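Q: Next up is a structure, given as structure tokens.
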Amino acid sequence: MNTREKGAAYEQIAAQYLQKHGITIVERNYRNRRGEIDLIGKDGDYTVFIEVKYRKDSEAGQPAEAVNYGKQRKICNVADYYRMVHHMGDFTPVRYDVVAICGAEITWYQNAFEHIYS
């Protein structure tokens, strides 16, 4: 399984996990020229931008640690574009979550980081 296939498989696992916990997935692998967001969901009134990170074990660090400031900034930049294209106003509630999969363990970090303005 190549890297892209592996990523898609774990994004599917994350999507199923989130759906079991009440999130409605509205987009998968949303891409624009600014970058990509793995999953976009709805949680009540919130639009949730979700980054999925997988590691087979914690030898190279915890998966969530890979969502550093630069990655957060890129996600926020893509989310800003998504919000503009979908005519979402400044007062539309949004949240940035991370789903970390380490081996068979899934950890969902809700509101993992605040919006970073570019």
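In the structure tokens, chains take the letters A, B, ... in the order shown, each chain's residues start at 1, and ligands count up from 1 in the order shown.
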Produce a table with one row for each residue of region 42-104 of chain A that has an atom at most 8 Å from any atom of region 10-22 of chain A, each row naming the nearest atom pair and its distance in Å at one decimal; use only C-alpha atoms; arrange rows by chain and rising residue number; format as a tab-separated table.

A:
```
residue	atom	partner	partner_atom	distance
A:Asp43	CA	A:Gly22	CA	6.9
A:Val52	CA	A:Glu11	CA	6.2
A:Tyr54	CA	A:Tyr10	CA	7.0
A:Val99	CA	A:Ala14	CA	6.6
A:Ile101	CA	A:Tyr10	CA	7.8
```

Q: Convert the current residue selection to file output with N, CA and C atoms, as a PDB file, in the first residue's frame.

A:
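Full text of again.pdb as output:
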```
ATOM      1  N   ASP A  43     -20.746  19.659  13.249  1.00  0.00           N
ATOM      2  CA  ASP A  43     -21.036  19.236  14.621  1.00  0.00           C
ATOM      3  C   ASP A  43     -21.963  20.288  15.203  1.00  0.00           C
ATOM      4  N   VAL A  52      -6.132  14.477   9.948  1.00  0.00           N
ATOM      5  CA  VAL A  52      -5.946  13.090  10.379  1.00  0.00           C
ATOM      6  C   VAL A  52      -4.454  12.765  10.286  1.00  0.00           C
ATOM      7  N   TYR A  54      -1.588   9.628  11.200  1.00  0.00           N
ATOM      8  CA  TYR A  54      -1.385   8.219  11.549  1.00  0.00           C
ATOM      9  C   TYR A  54       0.095   7.925  11.750  1.00  0.00           C
ATOM     10  N   VAL A  99      -7.508  14.173  14.523  1.00  0.00           N
ATOM     11  CA  VAL A  99      -7.711  12.767  14.858  1.00  0.00           C
ATOM     12  C   VAL A  99      -6.355  12.095  14.692  1.00  0.00           C
ATOM     13  N   ILE A 101      -4.134   8.709  15.029  1.00  0.00           N
ATOM     14  CA  ILE A 101      -4.229   7.257  15.065  1.00  0.00           C
ATOM     15  C   ILE A 101      -2.817   6.709  15.243  1.00  0.00           C
TER      16      ILE A 101
END
```

Q: Would you please give, as a VMD selection string, all residues of chain A that DSSP assigns to alpha helix (DSSP H) based on the backbone?

A: chain A and resid 3 to 20 69 to 85

Q: Got a sec: who's within 8 Å of region 88-95 of chain A, counting only C-alpha atoms, leaving out chain neighbours fewer than 4 positions off, as a list of chain:residue names?

A: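 Once the adjacent positions are removed, what remains is A:Asp45, A:Tyr46, A:Thr47, A:Val48, A:Phe49, A:Arg83, A:Met84, A:Gln110, A:Asn111, A:Glu114.
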
Q: Save the residues we just selected, C-alpha atoms, as an mmCIF file, in the first residue's frame?

A:
```cif
data_model
loop_
_atom_site.group_PDB
_atom_site.id
_atom_site.type_symbol
_atom_site.label_atom_id
_atom_site.label_comp_id
_atom_site.auth_asym_id
_atom_site.auth_seq_id
_atom_site.Cartn_x
_atom_site.Cartn_y
_atom_site.Cartn_z
ATOM 1 C CA ASP A 45 -23.719 24.656 14.310
ATOM 2 C CA TYR A 46 -19.953 24.190 13.979
ATOM 3 C CA THR A 47 -18.098 23.581 10.759
ATOM 4 C CA VAL A 48 -15.183 21.378 11.785
ATOM 5 C CA PHE A 49 -11.909 21.225 9.844
ATOM 6 C CA ARG A 83 -15.423 29.569 4.091
ATOM 7 C CA MET A 84 -15.241 32.268 1.425
ATOM 8 C CA GLN A 110 -11.520 18.602 19.652
ATOM 9 C CA ASN A 111 -10.645 22.268 19.250
ATOM 10 C CA GLU A 114 -7.140 28.228 17.496
#
```

Q: Please provide as a PyMOL selection string all residues within 9 Å of Val78 (chain A), with the sequence filter that same-chain residues fewer than 2 positions apart are discarded (counting only C-alpha atoms).

A: chain A and resi 30-37+73-76+80-83

Q: Those selected residues, please, written with all heavy atoms and delivered as a compact mmCIF listing (two decimals), in the first residue's frame.

A:
```
# COMPACT_ATOMS: atom_id res chain seq x y z
N TYR A 30 -10.51 17.91 0.86
CA TYR A 30 -10.80 19.20 0.21
C TYR A 30 -9.47 19.85 -0.16
O TYR A 30 -8.60 20.04 0.68
CB TYR A 30 -11.60 20.11 1.15
CG TYR A 30 -11.80 21.48 0.56
CD1 TYR A 30 -12.76 21.69 -0.41
CD2 TYR A 30 -11.02 22.56 0.96
CE1 TYR A 30 -12.94 22.94 -0.98
CE2 TYR A 30 -11.19 23.81 0.41
CZ TYR A 30 -12.15 23.99 -0.57
OH TYR A 30 -12.32 25.24 -1.13
N ARG A 31 -9.32 20.16 -1.44
CA ARG A 31 -8.07 20.75 -1.93
C ARG A 31 -8.34 22.04 -2.68
O ARG A 31 -9.33 22.17 -3.38
CB ARG A 31 -7.37 19.80 -2.92
CG ARG A 31 -6.94 18.50 -2.34
CD ARG A 31 -6.37 17.59 -3.45
NE ARG A 31 -6.29 16.22 -3.01
CZ ARG A 31 -5.22 15.70 -2.43
NH1 ARG A 31 -4.15 16.42 -2.26
NH2 ARG A 31 -5.23 14.44 -2.04
N ASN A 32 -7.42 22.96 -2.51
CA ASN A 32 -7.37 24.15 -3.35
C ASN A 32 -5.89 24.52 -3.50
O ASN A 32 -5.03 23.80 -3.02
CB ASN A 32 -8.24 25.30 -2.78
CG ASN A 32 -7.78 25.79 -1.43
OD1 ASN A 32 -6.59 25.90 -1.16
ND2 ASN A 32 -8.73 26.10 -0.57
N ARG A 33 -5.62 25.60 -4.15
CA ARG A 33 -4.21 25.92 -4.42
C ARG A 33 -3.43 26.26 -3.15
O ARG A 33 -2.21 26.29 -3.15
CB ARG A 33 -4.10 27.06 -5.43
CG ARG A 33 -4.70 28.36 -4.98
CD ARG A 33 -4.68 29.37 -6.12
NE ARG A 33 -5.32 30.60 -5.72
CZ ARG A 33 -4.68 31.65 -5.22
NH1 ARG A 33 -3.38 31.62 -5.08
NH2 ARG A 33 -5.33 32.73 -4.87
N ARG A 34 -4.14 26.46 -2.05
CA ARG A 34 -3.48 26.77 -0.78
C ARG A 34 -3.07 25.53 0.00
O ARG A 34 -2.25 25.61 0.91
CB ARG A 34 -4.39 27.63 0.08
CG ARG A 34 -4.70 28.96 -0.55
CD ARG A 34 -5.69 29.72 0.26
NE ARG A 34 -5.97 31.01 -0.38
CZ ARG A 34 -6.59 32.00 0.21
NH1 ARG A 34 -7.00 31.88 1.44
NH2 ARG A 34 -6.81 33.12 -0.44
N GLY A 35 -3.69 24.39 -0.33
CA GLY A 35 -3.37 23.16 0.39
C GLY A 35 -4.55 22.22 0.46
O GLY A 35 -5.43 22.26 -0.40
N GLU A 36 -4.59 21.40 1.52
CA GLU A 36 -5.61 20.37 1.65
C GLU A 36 -6.06 20.25 3.10
O GLU A 36 -5.28 20.45 4.03
CB GLU A 36 -5.05 19.03 1.20
CG GLU A 36 -6.04 17.91 1.32
CD GLU A 36 -5.41 16.55 1.54
OE1 GLU A 36 -4.17 16.44 1.58
OE2 GLU A 36 -6.18 15.61 1.72
N ILE A 37 -7.33 19.91 3.26
CA ILE A 37 -7.89 19.55 4.57
C ILE A 37 -8.44 18.14 4.41
O ILE A 37 -9.20 17.86 3.48
CB ILE A 37 -8.97 20.54 5.02
CG1 ILE A 37 -8.35 21.93 5.24
CG2 ILE A 37 -9.65 20.04 6.30
CD1 ILE A 37 -9.33 23.00 5.62
N ARG A 73 -1.25 26.63 10.41
CA ARG A 73 -1.42 27.85 9.61
C ARG A 73 -1.95 27.52 8.21
O ARG A 73 -2.83 28.19 7.69
CB ARG A 73 -0.09 28.60 9.53
CG ARG A 73 -0.26 30.02 9.08
CD ARG A 73 1.00 30.78 9.29
NE ARG A 73 1.35 31.31 7.98
CZ ARG A 73 2.54 31.48 7.51
NH1 ARG A 73 3.58 31.20 8.25
NH2 ARG A 73 2.74 31.96 6.33
N LYS A 74 -1.40 26.46 7.61
CA LYS A 74 -1.84 26.04 6.28
C LYS A 74 -3.30 25.59 6.31
O LYS A 74 -4.10 25.95 5.45
CB LYS A 74 -0.96 24.92 5.74
CG LYS A 74 -1.35 24.49 4.34
CD LYS A 74 -0.35 23.52 3.77
CE LYS A 74 0.68 24.34 3.06
NZ LYS A 74 1.44 23.62 2.05
N ILE A 75 -3.68 24.81 7.32
CA ILE A 75 -5.06 24.36 7.46
C ILE A 75 -5.99 25.57 7.59
O ILE A 75 -7.05 25.63 6.94
CB ILE A 75 -5.22 23.41 8.67
CG1 ILE A 75 -4.49 22.09 8.40
CG2 ILE A 75 -6.69 23.17 9.01
CD1 ILE A 75 -4.31 21.22 9.64
N CYS A 76 -5.62 26.54 8.39
CA CYS A 76 -6.44 27.74 8.57
C CYS A 76 -6.57 28.52 7.27
O CYS A 76 -7.65 29.05 6.96
CB CYS A 76 -5.86 28.63 9.67
SG CYS A 76 -5.99 27.88 11.32
N ASP A 80 -10.03 29.23 5.43
CA ASP A 80 -10.49 30.58 5.08
C ASP A 80 -11.04 30.61 3.66
O ASP A 80 -12.09 31.20 3.40
CB ASP A 80 -9.36 31.60 5.21
CG ASP A 80 -9.06 31.97 6.65
OD1 ASP A 80 -9.89 31.69 7.54
OD2 ASP A 80 -7.97 32.54 6.88
N TYR A 81 -10.34 29.96 2.75
CA TYR A 81 -10.79 29.91 1.36
C TYR A 81 -12.10 29.13 1.25
O TYR A 81 -13.03 29.55 0.57
CB TYR A 81 -9.70 29.28 0.48
CG TYR A 81 -10.04 29.33 -0.99
CD1 TYR A 81 -9.81 30.48 -1.73
CD2 TYR A 81 -10.60 28.23 -1.63
CE1 TYR A 81 -10.13 30.54 -3.07
CE2 TYR A 81 -10.92 28.28 -2.98
CZ TYR A 81 -10.68 29.44 -3.69
OH TYR A 81 -11.01 29.49 -5.02
N TYR A 82 -12.16 27.99 1.93
CA TYR A 82 -13.39 27.18 1.94
C TYR A 82 -14.57 28.01 2.44
O TYR A 82 -15.65 28.00 1.85
CB TYR A 82 -13.18 25.95 2.83
CG TYR A 82 -14.41 25.06 2.94
CD1 TYR A 82 -14.62 24.03 2.04
CD2 TYR A 82 -15.36 25.25 3.96
CE1 TYR A 82 -15.73 23.21 2.13
CE2 TYR A 82 -16.47 24.44 4.05
CZ TYR A 82 -16.66 23.42 3.14
OH TYR A 82 -17.77 22.62 3.23
N ARG A 83 -14.36 28.74 3.52
CA ARG A 83 -15.42 29.57 4.09
C ARG A 83 -15.86 30.65 3.11
O ARG A 83 -17.05 30.95 3.00
CB ARG A 83 -14.96 30.17 5.41
CG ARG A 83 -14.81 29.09 6.49
CD ARG A 83 -14.18 29.61 7.77
NE ARG A 83 -14.92 30.74 8.28
CZ ARG A 83 -14.35 31.75 8.91
NH1 ARG A 83 -13.06 31.78 9.11
NH2 ARG A 83 -15.09 32.74 9.36
```

Q: When you look at Val67 (chain A) with a cut-off of 9 Å (counting only C-alpha atoms), what residues show up, excluding the ones that are within fewer than 4 positions of it in the same chain? I need them as a list in words.

A: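 Contacts, in chain order: Glu51, Lys53, Pro63, Lys71, Gln72 and Val98 of chain A.
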
Q: Among chain A, which residues carry a DSSP assignment of strand (DSSP E or B), reported as a PyMOL selection string?

A: chain A and resi 24-32+35-43+46-55+94-102+105-109

Q: Rounded to one decimal, what separation in Å do you get between CA of Cys102 (chain A) and CA of Ser58 (chain A)?

A: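 It comes out at 6.7 Å.
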
Q: Of the candidates A:Asn77, A:Asn29, A:Thr24, A:Asn68, which one gets nearest to Ile116 (chain A) if we count only C-alpha atoms?

A: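 Once distances to Ile116 (chain A) are computed over only C-alpha atoms, the minimum belongs to A:Asn77.
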
Q: To one decimal in Å, tell me the separation between CA of Arg28 (chain A) and CA of Asp57 (chain A).

A: 24.9 Å

Q: Looking at only C-alpha atoms, which of A:Leu39, A:Ala64, A:Gly44, A:Ile23 is the one that sits closest to Thr107 (chain A)?

A: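 Comparing A:Leu39, A:Ala64, A:Gly44, A:Ile23 against Thr107 (chain A), the winner is A:Ala64.
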
Q: Can you tell me which residues surround Arg55 (chain A) at a distance of at most 12 Å, considering only C-alpha atoms, apart from same-chain residues fewer than 4 positions away, and format the answer as a PyMOL selection string?

A: chain A and resi 3+6-7+10+59-66+99-106

Q: Could you write out that same residue set with N, CA and C atoms as a PDB file, in the first residue's frame?

A:
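And here is the file that came out, result26.pdb:
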```
ATOM      1  N   THR A   3       1.734   5.456   0.109  1.00  0.00           N
ATOM      2  CA  THR A   3       1.427   6.478   1.117  1.00  0.00           C
ATOM      3  C   THR A   3       0.045   7.078   0.928  1.00  0.00           C
ATOM      4  N   LYS A   6      -2.570   4.541   1.948  1.00  0.00           N
ATOM      5  CA  LYS A   6      -2.571   4.406   3.404  1.00  0.00           C
ATOM      6  C   LYS A   6      -3.273   5.595   4.047  1.00  0.00           C
ATOM      7  N   GLY A   7      -2.982   6.788   3.560  1.00  0.00           N
ATOM      8  CA  GLY A   7      -3.638   7.994   4.074  1.00  0.00           C
ATOM      9  C   GLY A   7      -5.139   7.936   3.891  1.00  0.00           C
ATOM     10  N   TYR A  10      -6.743   5.479   6.408  1.00  0.00           N
ATOM     11  CA  TYR A  10      -6.853   5.991   7.780  1.00  0.00           C
ATOM     12  C   TYR A  10      -7.798   7.179   7.872  1.00  0.00           C
ATOM     13  N   GLU A  59       7.232   5.500  18.017  1.00  0.00           N
ATOM     14  CA  GLU A  59       8.686   5.599  17.905  1.00  0.00           C
ATOM     15  C   GLU A  59       9.136   6.942  17.321  1.00  0.00           C
ATOM     16  N   ALA A  60       8.413   7.425  16.335  1.00  0.00           N
ATOM     17  CA  ALA A  60       8.767   8.696  15.700  1.00  0.00           C
ATOM     18  C   ALA A  60       7.993   9.863  16.325  1.00  0.00           C
ATOM     19  N   GLY A  61       7.394   9.637  17.486  1.00  0.00           N
ATOM     20  CA  GLY A  61       6.603  10.664  18.153  1.00  0.00           C
ATOM     21  C   GLY A  61       5.118  10.397  17.975  1.00  0.00           C
ATOM     22  N   GLN A  62       4.344  11.080  18.764  1.00  0.00           N
ATOM     23  CA  GLN A  62       2.890  10.943  18.681  1.00  0.00           C
ATOM     24  C   GLN A  62       2.383  11.602  17.402  1.00  0.00           C
ATOM     25  N   PRO A  63       1.357  11.024  16.781  1.00  0.00           N
ATOM     26  CA  PRO A  63       0.865  11.575  15.508  1.00  0.00           C
ATOM     27  C   PRO A  63       0.431  13.041  15.606  1.00  0.00           C
ATOM     28  N   ALA A  64      -0.224  13.409  16.698  1.00  0.00           N
ATOM     29  CA  ALA A  64      -0.727  14.786  16.830  1.00  0.00           C
ATOM     30  C   ALA A  64       0.411  15.813  16.853  1.00  0.00           C
ATOM     31  N   GLU A  65       1.596  15.390  17.271  1.00  0.00           N
ATOM     32  CA  GLU A  65       2.749  16.299  17.312  1.00  0.00           C
ATOM     33  C   GLU A  65       3.142  16.781  15.921  1.00  0.00           C
ATOM     34  N   ALA A  66       2.746  16.042  14.897  1.00  0.00           N
ATOM     35  CA  ALA A  66       3.081  16.427  13.521  1.00  0.00           C
ATOM     36  C   ALA A  66       2.238  17.603  13.030  1.00  0.00           C
ATOM     37  N   VAL A  99      -7.508  14.173  14.523  1.00  0.00           N
ATOM     38  CA  VAL A  99      -7.711  12.767  14.858  1.00  0.00           C
ATOM     39  C   VAL A  99      -6.355  12.095  14.692  1.00  0.00           C
ATOM     40  N   ALA A 100      -5.829  11.610  15.807  1.00  0.00           N
ATOM     41  CA  ALA A 100      -4.514  10.960  15.810  1.00  0.00           C
ATOM     42  C   ALA A 100      -4.721   9.460  15.954  1.00  0.00           C
ATOM     43  N   ILE A 101      -4.134   8.709  15.029  1.00  0.00           N
ATOM     44  CA  ILE A 101      -4.229   7.257  15.065  1.00  0.00           C
ATOM     45  C   ILE A 101      -2.817   6.709  15.243  1.00  0.00           C
ATOM     46  N   CYS A 102      -2.624   6.025  16.356  1.00  0.00           N
ATOM     47  CA  CYS A 102      -1.317   5.436  16.657  1.00  0.00           C
ATOM     48  C   CYS A 102      -1.541   3.944  16.846  1.00  0.00           C
ATOM     49  N   GLY A 103      -1.103   3.169  15.851  1.00  0.00           N
ATOM     50  CA  GLY A 103      -1.409   1.743  15.862  1.00  0.00           C
ATOM     51  C   GLY A 103      -2.908   1.573  15.712  1.00  0.00           C
ATOM     52  N   ALA A 104      -3.548   0.954  16.694  1.00  0.00           N
ATOM     53  CA  ALA A 104      -5.002   0.755  16.662  1.00  0.00           C
ATOM     54  C   ALA A 104      -5.747   1.760  17.542  1.00  0.00           C
ATOM     55  N   GLU A 105      -4.994   2.656  18.199  1.00  0.00           N
ATOM     56  CA  GLU A 105      -5.601   3.616  19.128  1.00  0.00           C
ATOM     57  C   GLU A 105      -5.961   4.921  18.416  1.00  0.00           C
ATOM     58  N   ILE A 106      -7.195   5.363  18.608  1.00  0.00           N
ATOM     59  CA  ILE A 106      -7.668   6.609  18.006  1.00  0.00           C
ATOM     60  C   ILE A 106      -7.896   7.624  19.111  1.00  0.00           C
TER      61      ILE A 106
END
```

Q: Which residue is closest to Phe113 (chain A)? Choose from A:Ala8, A:Ile40, A:Val26, A:Ile50 and count only C-alpha atoms.

A: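 Closest candidate: A:Ile50.
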
Q: So, counting only C-alpha atoms, which residue among A:Asp97, A:Gly70, A:His87, A:Lys42 is closest to Tyr117 (chain A)?

A: A:Gly70
